[in-house]
>>> print(open('data-v1.pdb').read())   # PDB, C-alpha atoms
ATOM      1  CA  MET A   1       0.000   0.000   0.000
ATOM      2  CA  SER A   2       1.209   3.458  -0.647
ATOM      3  CA  VAL A   3      -0.528   6.639   0.316
ATOM      4  CA  PRO A   4      -0.288   9.301  -2.405
ATOM      5  CA  THR A   5       2.216  12.052  -1.618
ATOM      6  CA  THR A   6       0.845  14.714   0.717
ATOM      7  CA  PRO A   7       0.029  17.791  -1.365
ATOM      8  CA  GLY A   8       1.454  21.192  -0.543
ATOM      9  CA  PRO A   9      -0.651  23.986   0.958
ATOM     10  CA  ARG A  10      -3.552  25.259  -1.153
ATOM     11  CA  VAL A  11      -4.318  28.964  -0.900
ATOM     12  CA  VAL A  12      -7.898  30.182  -1.384
ATOM     13  CA  GLY A  13      -8.759  33.860  -1.487
ATOM     14  CA  PRO A  14      -8.879  36.603  -0.578
ATOM     15  CA  VAL A  15     -12.381  35.246  -0.069
ATOM     16  CA  THR A  16     -15.440  37.229  -1.116
ATOM     17  CA  ARG A  17     -19.121  37.481  -0.373
ATOM     18  CA  THR A  18     -19.611  35.916  -3.802
ATOM     19  CA  ASP A  19     -17.766  32.811  -2.601
ATOM     20  CA  PHE A  20     -20.145  32.581   0.365
ATOM     21  CA  VAL A  21     -23.241  33.102  -1.779
ATOM     22  CA  ARG A  22     -22.132  30.532  -4.358
ATOM     23  CA  TYR A  23     -21.710  27.997  -1.560
ATOM     24  CA  GLN A  24     -25.041  28.905   0.003
ATOM     25  CA  GLY A  25     -26.766  28.341  -3.328
ATOM     26  CA  ALA A  26     -24.993  25.026  -3.797
ATOM     27  CA  SER A  27     -25.672  23.747  -0.269
ATOM     28  CA  GLY A  28     -29.167  25.104   0.346
ATOM     29  CA  ASP A  29     -28.160  26.796   3.624
ATOM     30  CA  LEU A  30     -29.586  30.281   3.012
ATOM     31  CA  ASN A  31     -29.080  31.726   6.487
ATOM     32  CA  PRO A  32     -29.017  35.510   5.802
ATOM     33  CA  ILE A  33     -26.234  36.093   8.328
ATOM     34  CA  HIS A  34     -23.817  34.908   5.620
ATOM     35  CA  HIS A  35     -24.885  37.369   2.888
ATOM     36  CA  ASP A  36     -27.200  40.109   4.226
ATOM     37  CA  GLU A  37     -25.210  43.092   5.608
ATOM     38  CA  GLU A  38     -28.102  44.594   7.562
ATOM     39  CA  PHE A  39     -29.076  41.254   9.061
ATOM     40  CA  ALA A  40     -25.472  40.527  10.106
ATOM     41  CA  ARG A  41     -25.033  43.981  11.691
ATOM     42  CA  ALA A  42     -28.333  43.695  13.539
ATOM     43  CA  ALA A  43     -27.026  40.437  15.012
ATOM     44  CA  GLY A  44     -23.894  42.203  16.256
ATOM     45  CA  PHE A  45     -21.400  41.277  13.540
ATOM     46  CA  PRO A  46     -19.418  43.832  11.487
ATOM     47  CA  THR A  47     -20.182  42.115   8.156
ATOM     48  CA  PRO A  48     -21.576  38.806   6.942
ATOM     49  CA  PHE A  49     -19.206  35.909   7.596
ATOM     50  CA  SER A  50     -18.724  32.625   5.818
ATOM     51  CA  VAL A  51     -20.703  29.435   6.316
ATOM     52  CA  GLY A  52     -18.494  27.126   8.356
ATOM     53  CA  MET A  53     -19.471  24.287   6.061
ATOM     54  CA  TRP A  54     -17.896  26.191   3.141
ATOM     55  CA  GLN A  55     -14.444  25.961   4.717
ATOM     56  CA  ALA A  56     -15.223  22.329   5.533
ATOM     57  CA  GLY A  57     -16.083  21.814   1.862
ATOM     58  CA  LEU A  58     -12.767  23.361   0.811
ATOM     59  CA  LEU A  59     -11.034  20.783   3.007
ATOM     60  CA  GLY A  60     -13.202  18.062   1.455
ATOM     61  CA  THR A  61     -12.047  19.060  -2.019
ATOM     62  CA  PHE A  62      -8.430  19.282  -0.858
ATOM     63  CA  ALA A  63      -8.741  15.749   0.570
ATOM     64  CA  THR A  64     -10.526  14.118  -2.380
ATOM     65  CA  ASP A  65      -8.093  15.677  -4.882
ATOM     66  CA  TRP A  66      -5.380  13.996  -2.818
ATOM     67  CA  LEU A  67      -6.937  10.617  -1.926
ATOM     68  CA  GLY A  68      -9.876  10.107  -4.303
ATOM     69  CA  ALA A  69     -13.582  10.919  -3.970
ATOM     70  CA  ALA A  70     -14.605   7.224  -4.021
ATOM     71  CA  ASN A  71     -12.331   6.396  -1.090
ATOM     72  CA  VAL A  72     -13.616   8.582   1.743
ATOM     73  CA  ARG A  73     -15.043   6.665   4.710
ATOM     74  CA  SER A  74     -15.377   9.375   7.344
ATOM     75  CA  PHE A  75     -15.037  13.131   7.620
ATOM     76  CA  ARG A  76     -15.319  14.903  10.973
ATOM     77  CA  ILE A  77     -15.230  18.669  11.132
ATOM     78  CA  ARG A  78     -14.724  21.015  14.077
ATOM     79  CA  PHE A  79     -15.556  24.693  13.638
ATOM     80  CA  LEU A  80     -13.161  27.014  15.491
ATOM     81  CA  GLU A  81     -13.061  30.533  14.017
ATOM     82  CA  GLN A  82     -15.240  32.543  11.708
ATOM     83  CA  VAL A  83     -14.031  33.500   8.220
ATOM     84  CA  TRP A  84     -14.586  37.048   6.983
ATOM     85  CA  PRO A  85     -14.595  38.689   3.556
ATOM     86  CA  GLY A  86     -10.994  39.463   2.593
ATOM     87  CA  ASP A  87      -9.508  36.556   4.556
ATOM     88  CA  GLU A  88      -6.881  34.475   2.835
ATOM     89  CA  LEU A  89      -7.269  30.787   3.615
ATOM     90  CA  THR A  90      -4.681  28.035   3.384
ATOM     91  CA  CYS A  91      -5.643  24.359   3.321
ATOM     92  CA  VAL A  92      -3.059  21.905   4.612
ATOM     93  CA  GLY A  93      -3.106  18.193   5.345
ATOM     94  CA  GLU A  94      -0.985  15.506   6.921
ATOM     95  CA  VAL A  95      -1.099  11.760   7.377
ATOM     96  CA  VAL A  96      -1.834  10.730  10.956
ATOM     97  CA  ARG A  97      -1.950   6.940  10.691
ATOM     98  CA  GLU A  98      -1.734   4.145   8.120
ATOM     99  CA  TYR A  99      -3.349   0.818   9.001
ATOM    100  CA  ALA A 100      -5.702  -1.925   7.817
ATOM    101  CA  ALA A 101      -9.371  -2.235   8.757
ATOM    102  CA  ASP A 102     -12.031  -4.582   7.374
ATOM    103  CA  GLY A 103      -9.308  -6.071   5.149
ATOM    104  CA  GLU A 104      -8.635  -2.731   3.481
ATOM    105  CA  PRO A 105      -5.631  -0.449   3.722
ATOM    106  CA  ARG A 106      -6.667   2.855   5.233
ATOM    107  CA  VAL A 107      -5.196   6.203   6.089
ATOM    108  CA  ASP A 108      -6.283   8.763   8.672
ATOM    109  CA  VAL A 109      -5.478  12.356   7.812
ATOM    110  CA  GLU A 110      -5.777  15.664   9.612
ATOM    111  CA  LEU A 111      -6.783  18.671   7.540
ATOM    112  CA  LYS A 112      -6.709  22.316   8.526
ATOM    113  CA  CYS A 113      -8.130  25.436   6.941
ATOM    114  CA  LEU A 114      -5.980  28.264   8.298
ATOM    115  CA  ARG A 115      -6.715  31.980   8.274
ATOM    116  CA  GLN A 116      -4.025  34.559   7.471
ATOM    117  CA  ASN A 117      -3.405  34.994  11.223
ATOM    118  CA  GLY A 118      -2.333  31.341  11.418
ATOM    119  CA  ASN A 119      -5.383  30.234  13.393
ATOM    120  CA  ALA A 120      -7.408  27.291  12.144
ATOM    121  CA  ALA A 121     -10.935  28.226  11.077
ATOM    122  CA  VAL A 122     -11.821  24.569  10.657
ATOM    123  CA  VAL A 123     -10.054  21.310  11.434
ATOM    124  CA  ALA A 124     -11.136  17.995   9.925
ATOM    125  CA  TRP A 125     -10.164  14.417  10.675
ATOM    126  CA  SER A 126     -10.830  12.021   7.837
ATOM    127  CA  THR A 127     -10.377   8.374   6.943
ATOM    128  CA  PHE A 128      -9.806   7.154   3.379
ATOM    129  CA  VAL A 129      -9.367   3.717   1.875
ATOM    130  CA  VAL A 130      -6.072   3.491   0.002
ATOM    131  CA  PRO A 131      -6.752   1.661  -3.251
ATOM    132  CA  GLU A 132      -4.212  -0.830  -4.582
ATOM    133  CA  GLU A 133      -2.167   0.809  -7.294
ATOM    134  CA  GLU A 134      -3.844   0.089 -10.603
ATOM    135  CA  ASN A 135      -0.646  -0.339 -12.543
ATOM    136  CA  HIS A 136       0.833  -2.647  -9.920
ATOM    137  CA  ASP A 137       1.708  -6.077 -11.317
ATOM    138  CA  GLY A 138       1.960  -7.883  -7.989
ATOM    139  CA  VAL A 139      -0.810  -8.871  -5.623
TER
ATOM    140  CA  MET B 140     -31.320  25.690  28.103
ATOM    141  CA  ALA B 141     -31.983  22.669  26.028
ATOM    142  CA  ASN B 142     -34.970  20.414  26.483
ATOM    143  CA  PRO B 143     -33.713  17.006  27.706
ATOM    144  CA  ASP B 144     -36.992  15.376  26.661
ATOM    145  CA  ALA B 145     -35.973  15.905  23.023
ATOM    146  CA  VAL B 146     -33.548  12.959  23.163
ATOM    147  CA  GLY B 147     -34.809  10.235  20.831
ATOM    148  CA  THR B 148     -37.223  12.459  18.904
ATOM    149  CA  GLU B 149     -37.365  11.332  15.276
ATOM    150  CA  GLY B 150     -38.245  13.276  12.161
ATOM    151  CA  ALA B 151     -40.304  11.884   9.316
ATOM    152  CA  PRO B 152     -38.284  10.028   6.671
ATOM    153  CA  PHE B 153     -37.673  11.886   3.408
ATOM    154  CA  ARG B 154     -36.187  11.145   0.000
ATOM    155  CA  MET B 155     -33.086  12.702  -1.500
ATOM    156  CA  SER B 156     -31.950  12.247  -5.096
ATOM    157  CA  VAL B 157     -28.188  12.509  -5.576
ATOM    158  CA  GLU B 158     -27.886  14.490  -8.797
ATOM    159  CA  ARG B 159     -24.937  14.950 -11.157
ATOM    160  CA  GLY B 160     -25.648  18.656 -11.709
ATOM    161  CA  LYS B 161     -25.868  19.292  -7.974
ATOM    162  CA  ILE B 162     -22.560  17.522  -7.396
ATOM    163  CA  ARG B 163     -20.980  19.641 -10.179
ATOM    164  CA  GLU B 164     -22.336  22.835  -8.604
ATOM    165  CA  PHE B 165     -21.168  21.751  -5.149
ATOM    166  CA  VAL B 166     -17.592  20.851  -6.139
ATOM    167  CA  ARG B 167     -17.316  24.154  -8.029
ATOM    168  CA  ALA B 168     -18.496  26.055  -4.958
ATOM    169  CA  THR B 169     -15.952  24.282  -2.735
ATOM    170  CA  GLY B 170     -12.722  25.088  -4.515
ATOM    171  CA  THR B 171     -12.643  22.836  -7.573
ATOM    172  CA  THR B 172     -11.355  24.889 -10.492
ATOM    173  CA  ASP B 173     -10.856  22.039 -12.987
ATOM    174  CA  LEU B 174     -14.239  20.427 -13.622
ATOM    175  CA  SER B 175     -12.935  17.999 -16.246
ATOM    176  CA  GLU B 176     -12.871  15.075 -13.806
ATOM    177  CA  VAL B 177     -16.479  15.448 -12.706
ATOM    178  CA  ASP B 178     -17.513  16.153 -16.323
ATOM    179  CA  SER B 179     -15.867  12.926 -17.514
ATOM    180  CA  GLN B 180     -18.065  10.810 -15.233
ATOM    181  CA  ASP B 181     -21.678   9.766 -15.658
ATOM    182  CA  ARG B 182     -22.004   9.096 -11.952
ATOM    183  CA  PRO B 183     -19.500  11.201 -10.001
ATOM    184  CA  PHE B 184     -19.150  10.493  -6.292
ATOM    185  CA  ALA B 185     -20.608  12.984  -3.854
ATOM    186  CA  PRO B 186     -17.920  15.028  -2.036
ATOM    187  CA  PRO B 187     -17.394  14.303   1.711
ATOM    188  CA  THR B 188     -19.696  17.113   2.906
ATOM    189  CA  PHE B 189     -22.296  16.884   0.107
ATOM    190  CA  LEU B 190     -24.974  15.328   2.312
ATOM    191  CA  THR B 191     -25.455  18.780   3.847
ATOM    192  CA  THR B 192     -27.644  19.404   0.776
ATOM    193  CA  THR B 193     -30.485  17.653   2.603
ATOM    194  CA  PHE B 194     -31.434  21.336   3.099
ATOM    195  CA  PHE B 195     -33.095  21.065  -0.309
ATOM    196  CA  TRP B 196     -35.031  17.877   0.402
ATOM    197  CA  GLN B 197     -35.973  17.923   4.059
ATOM    198  CA  PRO B 198     -39.545  18.985   4.786
ATOM    199  CA  GLU B 199     -40.026  20.808   8.059
ATOM    200  CA  ALA B 200     -41.622  17.777   9.704
ATOM    201  CA  ALA B 201     -38.503  15.760   8.925
ATOM    202  CA  ASN B 202     -36.229  17.946  11.030
ATOM    203  CA  PRO B 203     -36.520  17.332  14.800
ATOM    204  CA  TRP B 204     -33.779  19.870  15.695
ATOM    205  CA  HIS B 205     -36.274  22.470  16.958
ATOM    206  CA  THR B 206     -37.324  20.099  19.759
ATOM    207  CA  VAL B 207     -33.886  20.594  21.363
ATOM    208  CA  GLU B 208     -34.829  24.238  22.022
ATOM    209  CA  LEU B 209     -31.287  25.635  21.963
ATOM    210  CA  ASP B 210     -31.280  29.441  22.097
ATOM    211  CA  GLN B 211     -30.683  30.460  18.472
ATOM    212  CA  GLN B 212     -29.052  33.747  19.551
ATOM    213  CA  ARG B 213     -26.348  31.795  21.353
ATOM    214  CA  GLY B 214     -26.316  28.751  19.114
ATOM    215  CA  LEU B 215     -23.331  27.651  17.046
ATOM    216  CA  HIS B 216     -22.465  24.716  14.823
ATOM    217  CA  ALA B 217     -19.682  23.042  16.812
ATOM    218  CA  GLU B 218     -18.992  19.857  14.856
ATOM    219  CA  GLN B 219     -20.230  17.961  11.831
ATOM    220  CA  GLU B 220     -19.309  14.404  10.932
ATOM    221  CA  TYR B 221     -20.100  12.100   8.017
ATOM    222  CA  THR B 222     -19.481   8.370   8.177
ATOM    223  CA  PHE B 223     -19.660   6.259   5.002
ATOM    224  CA  PHE B 224     -20.236   2.505   5.233
ATOM    225  CA  GLY B 225     -18.533   1.839   1.902
ATOM    226  CA  PRO B 226     -17.993   4.212  -1.027
ATOM    227  CA  PRO B 227     -19.904   7.493  -0.632
ATOM    228  CA  PRO B 228     -23.171   8.103  -2.522
ATOM    229  CA  ARG B 229     -22.879   8.949  -6.217
ATOM    230  CA  ALA B 230     -25.011  10.616  -8.847
ATOM    231  CA  GLY B 231     -28.123   8.592  -9.580
ATOM    232  CA  ASP B 232     -28.503   7.255  -6.052
ATOM    233  CA  GLU B 233     -31.887   7.588  -4.395
ATOM    234  CA  LEU B 234     -31.515   7.931  -0.639
ATOM    235  CA  THR B 235     -34.018   7.717   2.160
ATOM    236  CA  CYS B 236     -33.008   9.960   5.034
ATOM    237  CA  ARG B 237     -34.151  10.088   8.621
ATOM    238  CA  SER B 238     -33.020  12.313  11.491
ATOM    239  CA  ARG B 239     -33.206  11.780  15.239
ATOM    240  CA  ILE B 240     -32.015  13.681  18.275
ATOM    241  CA  GLY B 241     -29.107  11.970  20.004
ATOM    242  CA  GLU B 242     -27.379  12.966  23.195
ATOM    243  CA  ILE B 243     -27.711  16.313  24.994
ATOM    244  CA  TYR B 244     -24.989  17.213  27.518
ATOM    245  CA  THR B 245     -23.259  20.134  29.210
ATOM    246  CA  LYS B 246     -19.603  21.081  29.651
ATOM    247  CA  ARG B 247     -17.841  23.864  31.474
ATOM    248  CA  GLY B 248     -16.465  26.400  28.959
ATOM    249  CA  LYS B 249     -12.856  27.605  28.878
ATOM    250  CA  ARG B 250     -13.973  31.115  29.814
ATOM    251  CA  GLY B 251     -16.323  29.836  32.484
ATOM    252  CA  GLY B 252     -20.023  29.403  32.015
ATOM    253  CA  GLU B 253     -21.856  26.318  30.949
ATOM    254  CA  LEU B 254     -21.978  25.098  27.356
ATOM    255  CA  THR B 255     -24.914  22.938  26.285
ATOM    256  CA  PHE B 256     -24.288  20.509  23.432
ATOM    257  CA  ALA B 257     -26.915  18.646  21.415
ATOM    258  CA  VAL B 258     -26.397  16.017  18.736
ATOM    259  CA  MET B 259     -28.603  15.086  15.794
ATOM    260  CA  TYR B 260     -28.007  12.003  13.654
ATOM    261  CA  THR B 261     -29.270  11.562  10.108
ATOM    262  CA  ASP B 262     -29.169   8.082   8.549
ATOM    263  CA  PHE B 263     -29.054   7.611   4.784
ATOM    264  CA  HIS B 264     -30.281   4.336   3.260
ATOM    265  CA  ASP B 265     -30.006   3.479  -0.430
ATOM    266  CA  ALA B 266     -32.740   1.997  -2.622
ATOM    267  CA  THR B 267     -31.860  -1.544  -1.476
ATOM    268  CA  GLY B 268     -32.295  -0.530   2.169
ATOM    269  CA  ARG B 269     -28.579  -0.565   2.991
ATOM    270  CA  LEU B 270     -27.292   2.061   5.445
ATOM    271  CA  VAL B 271     -24.763   3.966   3.319
ATOM    272  CA  ALA B 272     -24.011   7.043   5.403
ATOM    273  CA  ARG B 273     -24.666   8.708   8.731
ATOM    274  CA  ALA B 274     -24.392  12.410   9.527
ATOM    275  CA  ARG B 275     -23.755  13.618  13.068
ATOM    276  CA  MET B 276     -24.357  17.275  13.781
ATOM    277  CA  THR B 277     -23.320  18.843  17.083
ATOM    278  CA  GLY B 278     -24.769  22.192  18.055
ATOM    279  CA  VAL B 279     -23.698  24.198  21.087
ATOM    280  CA  GLU B 280     -25.401  26.902  23.060
ATOM    281  CA  THR B 281     -22.789  29.257  24.463
ATOM    282  CA  ALA B 282     -23.071  31.094  27.767
ATOM    283  CA  ARG B 283     -22.950  34.418  25.897
ATOM    284  CA  PRO B 284     -23.925  35.536  22.414
ATOM    285  CA  PRO B 285     -21.191  34.523  19.915
ATOM    286  CA  ALA B 286     -20.531  38.154  18.925
ATOM    287  CA  GLU B 287     -19.376  38.891  22.470
ATOM    288  CA  GLY B 288     -17.616  35.614  22.943
ATOM    289  CA  SER B 289     -15.075  36.075  20.134
TER
END
>>> encode(input="data-v1.pdb", output="structure tokens")
Amino acid sequence: MSVPTTPGPRVVGPVTRTDFVRYQGASGDLNPIHHDEEFARAAGFPTPFSVGMWQAGLLGTFATDWLGAANVRSFRIRFLEQVWPGDELTCVGEVVREYAADGEPRVDVELKCLRQNGNAAVVAWSTFVVPEEENHDGV
Amino acid sequence: MANPDAVGTEGAPFRMSVERGKIREFVRATGTTDLSEVDSQDRPFAPPTFLTTTFFWQPEAANPWHTVELDQQRGLHAEQEYTFFGPPPRAGDELTCRSRIGEIYTKRGKRGGELTFAVMYTDFHDATGRLVARARMTGVETARPPAEGS
């Protein structure tokens, strides 16, 4: 078994209200606090802020580009900090553990979506199956 | 404060169609710039967080979350987890989804004050009746409004 090489950091942003709105349309979460200035201010926030699940989705894409969309078996997200318009985000990942379960090779990875201040907005812990290499001649 | 009697409350089951166009829209909205991979597939796999799109399918009666009675002014999404019992759903799959309230518990916060957590599970069965995925959502009610807390 061989886990594909860990990708380098992926930078997203500076993020915009349009990014938030595109995600809200795609996900169906239309909470106005993420796009309506007046609503956000009335709730005590300086501007709308991102949907936490958007950053989680960025980590999902980072992970499936790395390990394959068919191979995910779990994805656990913890929301830590809000993301604001103008933030620059950096997605990073690392392998935590390689092992076998249910007769399949697996890998646990930790993924972080960092803000420009170095704090994690979202952390995710995910398990993927590691497929046998397709061009491998052995068993 | 949350309502402890909510534990075990179930929503009505509802159907969700996993659609190729929705997957394409979702991967584009979550940082995929090259759509050639998804466009080359008749039945692309749903991304890890795609099941959040139950927002589009869930009738109000199917969502028991309101029974927890967390204060929305002090409510935050703390954690979200998806577990897949095999490959994740893919375009063309017809899922039956059902939510239920799991555990409700309290913890002492780092800045003092009590935090109330509540968990909701959603199970996803495919057309053959097999459990293919489970979502676990954890909400928290903070001691103060989030705007003051951060």
>>> resolve_selection(input="data-v1.pdb", expression="the PyMOL selection byres ((chain B) within 8 of (chain A))", output="tab-separated table (two decimals) with C-alpha atoms, in the frame of the given file")
chain	number	residue	atom	x	y	z
B	161	LYS	CA	-25.87	19.29	-7.97
B	164	GLU	CA	-22.34	22.84	-8.60
B	165	PHE	CA	-21.17	21.75	-5.15
B	166	VAL	CA	-17.59	20.85	-6.14
B	168	ALA	CA	-18.50	26.06	-4.96
B	169	THR	CA	-15.95	24.28	-2.74
B	170	GLY	CA	-12.72	25.09	-4.51
B	171	THR	CA	-12.64	22.84	-7.57
B	184	PHE	CA	-19.15	10.49	-6.29
B	185	ALA	CA	-20.61	12.98	-3.85
B	186	PRO	CA	-17.92	15.03	-2.04
B	187	PRO	CA	-17.39	14.30	1.71
B	188	THR	CA	-19.70	17.11	2.91
B	189	PHE	CA	-22.30	16.88	0.11
B	191	THR	CA	-25.46	18.78	3.85
B	192	THR	CA	-27.64	19.40	0.78
B	193	THR	CA	-30.48	17.65	2.60
B	194	PHE	CA	-31.43	21.34	3.10
B	195	PHE	CA	-33.10	21.06	-0.31
B	216	HIS	CA	-22.46	24.72	14.82
B	217	ALA	CA	-19.68	23.04	16.81
B	218	GLU	CA	-18.99	19.86	14.86
B	219	GLN	CA	-20.23	17.96	11.83
B	220	GLU	CA	-19.31	14.40	10.93
B	221	TYR	CA	-20.10	12.10	8.02
B	222	THR	CA	-19.48	8.37	8.18
B	223	PHE	CA	-19.66	6.26	5.00
B	224	PHE	CA	-20.24	2.50	5.23
B	225	GLY	CA	-18.53	1.84	1.90
B	226	PRO	CA	-17.99	4.21	-1.03
B	227	PRO	CA	-19.90	7.49	-0.63
B	286	ALA	CA	-20.53	38.15	18.92
>>> residues_around(input="data-v1.pdb", residues="Arg182 of chain B", least_positions_apart="4", cutoff="7 Å", atoms="only C-alpha atoms", output="VMD selection string")
chain B and resid 159 229 to 231
>>> resolve_selection(input="data-v1.pdb", expression="the PyMOL selection byres ((chain B and resi 142) around 8)", output="PDB file with C-alpha atoms, keeping the file's coordinate frame")
ATOM      1  CA  MET B 140     -31.320  25.690  28.103  1.00  0.00           C
ATOM      2  CA  ALA B 141     -31.983  22.669  26.028  1.00  0.00           C
ATOM      3  CA  PRO B 143     -33.713  17.006  27.706  1.00  0.00           C
ATOM      4  CA  ASP B 144     -36.992  15.376  26.661  1.00  0.00           C
ATOM      5  CA  ALA B 145     -35.973  15.905  23.023  1.00  0.00           C
ATOM      6  CA  THR B 206     -37.324  20.099  19.759  1.00  0.00           C
ATOM      7  CA  VAL B 207     -33.886  20.594  21.363  1.00  0.00           C
ATOM      8  CA  GLU B 208     -34.829  24.238  22.022  1.00  0.00           C
ATOM      9  CA  LEU B 209     -31.287  25.635  21.963  1.00  0.00           C
TER      10      LEU B 209
END
>>> resolve_selection(input="data-v1.pdb", expression="the PyMOL selection byres ((chain B and resi 253) around 12)", output="number ranges by chain")
B: 140-141, 213, 244-252, 254-256, 279-283
>>> residues_around(input="data-v1.pdb", residues="Cys236 of chain B", least_positions_apart="5", cutoff="7 Å", atoms="only C-alpha atoms", output="PyMOL selection string")
chain B and resi 152-154+261-264
>>> residues_around(input="data-v1.pdb", residues="Glu98 of chain A", least_positions_apart="4", cutoff="10 Å", atoms="all atoms listed in the file", output="compact mmCIF listing (two decimals) with C-alpha atoms, keeping the file's coordinate frame")
# COMPACT_ATOMS: atom_id res chain seq x y z
CA MET A 1 0.00 0.00 0.00
CA SER A 2 1.21 3.46 -0.65
CA VAL A 3 -0.53 6.64 0.32
CA PRO A 105 -5.63 -0.45 3.72
CA ARG A 106 -6.67 2.86 5.23
CA VAL A 107 -5.20 6.20 6.09
CA ASP A 108 -6.28 8.76 8.67
CA VAL A 109 -5.48 12.36 7.81
CA THR A 127 -10.38 8.37 6.94
CA PHE A 128 -9.81 7.15 3.38
CA VAL A 129 -9.37 3.72 1.88
CA VAL A 130 -6.07 3.49 0.00
>>> residues_around(input="data-v1.pdb", residues="Ala201 of chain B", least_positions_apart="4", cutoff="8 Å", atoms="all atoms listed in the file", output="ChimeraX atom specification")
/B:149-153,197,237-238
>>> closest_residue(input="data-v1.pdb", among="B:Gly147, B:Pro228, B:Pro183, B:Pro198", to="Ala257 of chain B", atoms="only C-alpha atoms")
B:Gly147
>>> residues_around(input="data-v1.pdb", residues="Val92 of chain A", least_positions_apart="6", cutoff="7 Å", atoms="all atoms listed in the file", output="PyMOL selection string")
chain A and resi 8-10+111-113
>>> residues_near_point(input="data-v1.pdb", point="(-6.9, 38.9, -0.9)", cutoff="10 Å", atoms="only C-alpha atoms", output="ChimeraX atom specification")
/A:12-16,85-89,116
>>> build_atoms(input="data-v1.pdb", residues="segment 70-87 of chain A", atoms="N, CA and C atoms", output="PDB file, in the coordinates of the input")
ATOM      1  N   ALA A  70     -13.934   8.503  -4.294  1.00  0.00           N
ATOM      2  CA  ALA A  70     -14.605   7.224  -4.021  1.00  0.00           C
ATOM      3  C   ALA A  70     -14.134   6.610  -2.708  1.00  0.00           C
ATOM      4  N   ASN A  71     -13.010   7.103  -2.177  1.00  0.00           N
ATOM      5  CA  ASN A  71     -12.331   6.396  -1.090  1.00  0.00           C
ATOM      6  C   ASN A  71     -12.635   6.913   0.307  1.00  0.00           C
ATOM      7  N   VAL A  72     -13.385   8.010   0.412  1.00  0.00           N
ATOM      8  CA  VAL A  72     -13.616   8.582   1.743  1.00  0.00           C
ATOM      9  C   VAL A  72     -14.532   7.660   2.550  1.00  0.00           C
ATOM     10  N   ARG A  73     -14.205   7.482   3.832  1.00  0.00           N
ATOM     11  CA  ARG A  73     -15.043   6.665   4.710  1.00  0.00           C
ATOM     12  C   ARG A  73     -15.532   7.440   5.921  1.00  0.00           C
ATOM     13  N   SER A  74     -14.840   8.503   6.295  1.00  0.00           N
ATOM     14  CA  SER A  74     -15.377   9.375   7.344  1.00  0.00           C
ATOM     15  C   SER A  74     -14.751  10.752   7.212  1.00  0.00           C
ATOM     16  N   PHE A  75     -15.495  11.736   7.718  1.00  0.00           N
ATOM     17  CA  PHE A  75     -15.037  13.131   7.620  1.00  0.00           C
ATOM     18  C   PHE A  75     -15.661  13.875   8.784  1.00  0.00           C
ATOM     19  N   ARG A  76     -14.822  14.240   9.756  1.00  0.00           N
ATOM     20  CA  ARG A  76     -15.319  14.903  10.973  1.00  0.00           C
ATOM     21  C   ARG A  76     -14.737  16.304  11.048  1.00  0.00           C
ATOM     22  N   ILE A  77     -15.615  17.266  11.220  1.00  0.00           N
ATOM     23  CA  ILE A  77     -15.230  18.669  11.132  1.00  0.00           C
ATOM     24  C   ILE A  77     -15.468  19.338  12.479  1.00  0.00           C
ATOM     25  N   ARG A  78     -14.500  20.160  12.910  1.00  0.00           N
ATOM     26  CA  ARG A  78     -14.724  21.015  14.077  1.00  0.00           C
ATOM     27  C   ARG A  78     -14.567  22.475  13.641  1.00  0.00           C
ATOM     28  N   PHE A  79     -15.550  23.280  14.022  1.00  0.00           N
ATOM     29  CA  PHE A  79     -15.556  24.693  13.638  1.00  0.00           C
ATOM     30  C   PHE A  79     -14.930  25.508  14.774  1.00  0.00           C
ATOM     31  N   LEU A  80     -13.915  26.311  14.449  1.00  0.00           N
ATOM     32  CA  LEU A  80     -13.161  27.014  15.491  1.00  0.00           C
ATOM     33  C   LEU A  80     -13.238  28.531  15.391  1.00  0.00           C
ATOM     34  N   GLU A  81     -13.071  29.068  14.184  1.00  0.00           N
ATOM     35  CA  GLU A  81     -13.061  30.533  14.017  1.00  0.00           C
ATOM     36  C   GLU A  81     -13.881  30.896  12.802  1.00  0.00           C
ATOM     37  N   GLN A  82     -14.490  32.067  12.866  1.00  0.00           N
ATOM     38  CA  GLN A  82     -15.240  32.543  11.708  1.00  0.00           C
ATOM     39  C   GLN A  82     -14.291  33.051  10.629  1.00  0.00           C
ATOM     40  N   VAL A  83     -14.778  33.014   9.386  1.00  0.00           N
ATOM     41  CA  VAL A  83     -14.031  33.500   8.220  1.00  0.00           C
ATOM     42  C   VAL A  83     -14.769  34.705   7.662  1.00  0.00           C
ATOM     43  N   TRP A  84     -14.006  35.770   7.383  1.00  0.00           N
ATOM     44  CA  TRP A  84     -14.586  37.048   6.983  1.00  0.00           C
ATOM     45  C   TRP A  84     -14.174  37.411   5.560  1.00  0.00           C
ATOM     46  N   PRO A  85     -14.986  38.231   4.894  1.00  0.00           N
ATOM     47  CA  PRO A  85     -14.595  38.689   3.556  1.00  0.00           C
ATOM     48  C   PRO A  85     -13.195  39.314   3.599  1.00  0.00           C
ATOM     49  N   GLY A  86     -12.369  38.968   2.636  1.00  0.00           N
ATOM     50  CA  GLY A  86     -10.994  39.463   2.593  1.00  0.00           C
ATOM     51  C   GLY A  86      -9.978  38.522   3.209  1.00  0.00           C
ATOM     52  N   ASP A  87     -10.436  37.538   3.976  1.00  0.00           N
ATOM     53  CA  ASP A  87      -9.508  36.556   4.556  1.00  0.00           C
ATOM     54  C   ASP A  87      -8.815  35.765   3.452  1.00  0.00           C
TER      55      ASP A  87
END
